[in-house]
>>> print(open('final23.txt').read())   # compact mmCIF, C-alpha atoms
# COMPACT_ATOMS: atom_id res chain seq x y z
CA MET A 183 -20.71 3.66 19.94
CA PRO A 184 -23.72 5.96 19.42
CA PRO A 185 -25.19 5.71 15.90
CA ASN A 186 -24.47 9.38 15.10
CA SER A 187 -20.89 9.29 16.32
CA SER A 188 -18.33 10.87 13.99
CA VAL A 189 -15.74 8.23 14.93
CA PRO A 190 -15.33 5.79 12.03
CA SER A 191 -16.03 2.13 12.71
CA LEU A 192 -13.06 -0.22 12.83
CA PHE A 193 -11.54 -1.81 9.78
CA ARG A 194 -9.54 -4.99 9.40
CA ILE A 195 -6.45 -5.86 7.41
CA ARG A 196 -6.57 -9.16 5.56
CA PRO A 197 -4.72 -10.83 2.70
CA ALA A 198 -6.04 -9.73 -0.68
CA GLY A 199 -7.72 -12.33 -2.84
CA ALA A 200 -8.67 -12.61 -6.47
CA ALA A 201 -12.10 -11.18 -5.68
CA ASP A 202 -10.42 -7.92 -4.53
CA VAL A 203 -8.84 -7.02 -7.88
CA GLU A 204 -11.61 -4.66 -8.97
CA ALA A 205 -11.63 -2.90 -5.58
CA ILE A 206 -7.84 -2.56 -5.69
CA PHE A 207 -8.11 -0.83 -9.06
CA HIS A 208 -10.88 1.39 -7.72
CA VAL A 209 -8.63 2.50 -4.85
CA ARG A 210 -5.60 2.95 -7.11
CA THR A 211 -7.45 5.12 -9.60
CA SER A 212 -9.19 7.19 -6.89
CA VAL A 213 -6.15 8.55 -5.05
CA ARG A 214 -5.11 12.20 -5.26
CA GLU A 215 -1.36 11.74 -4.92
CA ASN A 216 0.44 9.68 -7.57
CA ALA A 217 -2.84 9.37 -9.44
CA LEU A 218 -2.96 7.14 -12.53
CA THR A 219 -5.85 6.15 -14.79
CA TRP A 220 -6.68 2.62 -15.89
CA ASP A 221 -5.02 3.35 -19.24
CA GLU A 222 -1.86 4.73 -17.61
CA LEU A 223 -1.64 1.68 -15.35
CA ALA A 224 -2.11 -0.64 -18.35
CA ALA A 225 0.70 1.16 -20.18
CA LEU A 226 2.93 0.26 -17.21
CA GLY A 227 1.84 -3.39 -17.42
CA ILE A 228 -0.45 -3.11 -14.39
CA THR A 229 -3.69 -4.75 -15.44
CA PRO A 230 -6.41 -6.69 -13.64
CA ALA A 231 -4.85 -9.87 -15.08
CA SER A 232 -1.36 -9.02 -13.79
CA ILE A 233 -2.64 -8.15 -10.32
CA HIS A 234 -4.83 -11.27 -10.26
CA ALA A 235 -1.78 -13.38 -11.15
CA ALA A 236 0.40 -11.70 -8.52
CA ILE A 237 -2.18 -12.15 -5.77
CA THR A 238 -2.96 -15.77 -6.59
CA GLU A 239 0.66 -16.88 -7.11
CA THR A 240 2.15 -15.37 -3.94
CA PRO A 241 0.66 -13.85 -0.79
CA CYS A 242 1.88 -10.35 -1.63
CA ALA A 243 -1.08 -8.02 -1.08
CA TRP A 244 -3.34 -6.90 1.73
CA VAL A 245 -6.54 -4.90 1.87
CA ALA A 246 -8.09 -2.79 4.58
CA GLU A 247 -11.79 -3.56 4.72
CA ARG A 248 -14.75 -2.19 6.64
CA ASP A 249 -18.28 -3.49 6.23
CA GLY A 250 -17.33 -5.19 2.95
CA GLU A 251 -15.73 -2.05 1.45
CA VAL A 252 -12.04 -2.03 0.54
CA LEU A 253 -10.58 1.20 1.94
CA GLY A 254 -7.00 0.68 0.79
CA PHE A 255 -4.40 -1.87 -0.20
CA ALA A 256 -0.70 -2.64 -0.02
CA MET A 257 1.44 -4.81 -2.28
CA ALA A 258 4.97 -6.09 -1.88
CA ASP A 259 7.53 -7.74 -4.12
CA LEU A 260 8.71 -10.40 -1.67
CA PRO A 261 11.77 -11.62 -3.66
CA GLU A 262 12.99 -8.03 -4.18
CA ALA A 263 12.33 -6.91 -0.56
CA CYS A 264 10.23 -4.02 -1.89
CA LEU A 265 7.03 -2.49 -0.58
CA PHE A 266 5.86 -1.10 -3.90
CA ALA A 267 2.27 0.01 -3.41
CA VAL A 268 0.25 1.44 -0.54
CA PHE A 269 -2.88 3.38 -1.44
CA VAL A 270 -5.91 4.51 0.58
CA LEU A 271 -9.17 6.02 -0.63
CA PRO A 272 -8.96 9.78 -0.01
CA GLU A 273 -12.00 9.81 2.26
CA HIS A 274 -10.29 7.31 4.59
CA GLU A 275 -6.90 9.00 4.88
CA GLY A 276 -5.79 9.92 8.39
CA GLN A 277 -7.65 7.00 10.01
CA GLY A 278 -4.66 4.63 10.39
CA VAL A 279 -5.52 2.58 7.30
CA GLY A 280 -2.24 3.31 5.52
CA ARG A 281 -0.18 2.74 8.66
CA GLN A 282 -1.68 -0.69 9.22
CA LEU A 283 -1.31 -1.65 5.55
CA ILE A 284 2.35 -0.57 5.65
CA GLN A 285 2.87 -2.65 8.78
CA ALA A 286 1.32 -5.72 7.12
CA GLY A 287 3.69 -5.35 4.17
CA GLU A 288 6.67 -4.78 6.43
CA ALA A 289 5.90 -7.89 8.49
CA ALA A 290 5.75 -10.07 5.36
CA LEU A 291 8.95 -8.60 3.93
CA PHE A 292 10.86 -8.84 7.21
CA ARG A 293 10.11 -12.59 7.36
CA HIS A 294 12.46 -12.89 4.36
CA HIS A 295 14.80 -9.88 4.47
CA PRO A 296 16.77 -7.89 7.07
CA VAL A 297 16.45 -4.68 5.01
CA ILE A 298 13.43 -3.64 2.97
CA TRP A 299 12.95 -0.70 0.63
CA LEU A 300 10.52 1.40 -1.36
CA GLU A 301 10.61 4.36 -3.72
CA THR A 302 8.32 7.38 -3.58
CA ASP A 303 8.23 11.07 -4.41
CA ALA A 304 10.56 12.74 -1.93
CA ALA A 305 8.11 15.59 -1.30
CA SER A 306 4.95 13.49 -1.05
CA LYS A 307 2.67 12.98 1.92
CA ALA A 308 3.47 9.29 1.56
CA ALA A 309 7.19 9.94 2.10
CA ALA A 310 6.36 11.82 5.31
CA VAL A 311 4.23 8.90 6.52
CA TYR A 312 6.98 6.38 5.79
CA ARG A 313 9.57 8.51 7.59
CA HIS A 314 7.23 8.82 10.57
CA LEU A 315 7.04 5.01 10.63
CA GLY A 316 10.83 4.63 10.79
CA TRP A 317 11.84 4.43 7.13
CA THR A 318 15.10 6.24 6.42
CA HIS A 319 16.76 7.75 3.37
CA ALA A 320 18.81 5.25 1.37
CA CYS A 321 19.49 7.29 -1.79
CA ASP A 322 17.98 9.57 -4.37
CA ALA A 323 16.17 7.60 -7.07
CA GLY A 324 16.02 10.36 -9.68
CA ASP A 325 13.19 12.51 -11.01
CA GLY A 326 12.37 13.76 -7.50
CA ASP A 327 11.96 10.27 -6.09
CA VAL A 328 13.76 8.87 -3.09
CA ARG A 329 14.55 5.33 -2.03
CA LEU A 330 13.73 4.71 1.60
CA GLN A 331 14.74 1.67 3.59
CA LYS A 332 13.90 0.10 6.89
CA LEU A 333 15.90 -2.37 8.95
CA ARG A 334 14.29 -5.39 10.58
CA PRO A 335 13.60 -4.55 14.25
>>> encode(input="final23.txt", output="structure tokens")
Amino acid sequence: MPPNSSVPSLFRIRPAGAADVEAIFHVRTSVRENALTWDELAALGITPASIHAAITETPCAWVAERDGEVLGFAMADLPEACLFAVFVLPEHEGQGVGRQLIQAGEAALFRHHPVIWLETDAASKAAAVYRHLGWTHACDAGDGDVRLQKLRP
């Protein structure tokens, strides 16, 4: 690829590790849609310690990485069959990062469950992405949110 090419270099999806916690929080607090601050996350019980514990106790998170930079992440609750977090840095949206992170989470969840689910704002860009990837409406979740589900292929 020529050095001045506008095509972004490739990224890779890999399991998240304890060393990724700070980058995960950077991504989570940098998004435009469903934005939350560190303090708002802490009020929900989402802290560096809780994410560190989740990642080290169970393989439940993945990061998209390019040249040592974390571009996005996904997290799943394996026992509950739930894909509960997929976030991508705004400057890397539209490059397939979210799609590949979603697919990593789906693959892990489908190893344990025939039906998986998530909840998101019904009118969000994220909901449109999930629907494009085959997730279907399961029910309204209240407050403008929707529960989507996907069946194991």
>>> axis_aligned_box(input="final23.txt", around="segment 188-207 of chain A", padding_each_side="8 Å", output="AutoDock Vina command-line options")
--center_x -11.5 --center_y -0.9 --center_z 2.9 --size_x 29.6 --size_y 39.5 --size_z 40.0
>>> residues_around(input="final23.txt", residues="segment 296-308 of chain A", least_positions_apart="3", cutoff="7 Å", atoms="only C-alpha atoms", output="JSON, numbers by chain")
{"A": [263, 264, 265, 266, 291, 292, 311, 312, 326, 327, 328, 329, 330, 331, 332, 333, 334]}
>>> atom_distance(input="final23.txt", atom1="atom CA of His234 of chain A", atom2="atom CA of Ala290 of chain A")
18.9 Å
>>> atom_distance(input="final23.txt", atom1="atom CA of Ala236 of chain A", atom2="atom CA of His274 of chain A")
25.4 Å
>>> atom_distance(input="final23.txt", atom1="atom CA of Ala205 of chain A", atom2="atom CA of Trp317 of chain A")
27.7 Å
>>> closest_residue(input="final23.txt", among="A:Leu218, A:Ile195, A:Leu271, A:Ala224", to="Gly287 of chain A", atoms="all atoms listed in the file")
A:Ile195
>>> residues_around(input="final23.txt", residues="Arg210 of chain A", least_positions_apart="5", cutoff="12 Å", atoms="all atoms listed in the file", output="PyMOL selection string")
chain A and resi 203-205+215-220+222-223+228-230+233+245+252-257+267-272
>>> write_last_selection(input="final23.txt", atoms="C-alpha atoms", output="short mmCIF file (atom, residue, chain, number, x, y, z; two decimals), in the frame of the given file")
data_model
loop_
_atom_site.label_atom_id
_atom_site.label_comp_id
_atom_site.auth_asym_id
_atom_site.auth_seq_id
_atom_site.Cartn_x
_atom_site.Cartn_y
_atom_site.Cartn_z
CA VAL A 203 -8.84 -7.02 -7.88
CA GLU A 204 -11.61 -4.66 -8.97
CA ALA A 205 -11.63 -2.90 -5.58
CA GLU A 215 -1.36 11.74 -4.92
CA ASN A 216 0.44 9.68 -7.57
CA ALA A 217 -2.84 9.37 -9.44
CA LEU A 218 -2.96 7.14 -12.53
CA THR A 219 -5.85 6.15 -14.79
CA TRP A 220 -6.68 2.62 -15.89
CA GLU A 222 -1.86 4.73 -17.61
CA LEU A 223 -1.64 1.68 -15.35
CA ILE A 228 -0.45 -3.11 -14.39
CA THR A 229 -3.69 -4.75 -15.44
CA PRO A 230 -6.41 -6.69 -13.64
CA ILE A 233 -2.64 -8.15 -10.32
CA VAL A 245 -6.54 -4.90 1.87
CA VAL A 252 -12.04 -2.03 0.54
CA LEU A 253 -10.58 1.20 1.94
CA GLY A 254 -7.00 0.68 0.79
CA PHE A 255 -4.40 -1.87 -0.20
CA ALA A 256 -0.70 -2.64 -0.02
CA MET A 257 1.44 -4.81 -2.28
CA ALA A 267 2.27 0.01 -3.41
CA VAL A 268 0.25 1.44 -0.54
CA PHE A 269 -2.88 3.38 -1.44
CA VAL A 270 -5.91 4.51 0.58
CA LEU A 271 -9.17 6.02 -0.63
CA PRO A 272 -8.96 9.78 -0.01
#
>>> closest_residue(input="final23.txt", among="A:Ala286, A:Val279, A:Leu226, A:Leu260", to="Pro197 of chain A", atoms="all atoms listed in the file")
A:Ala286
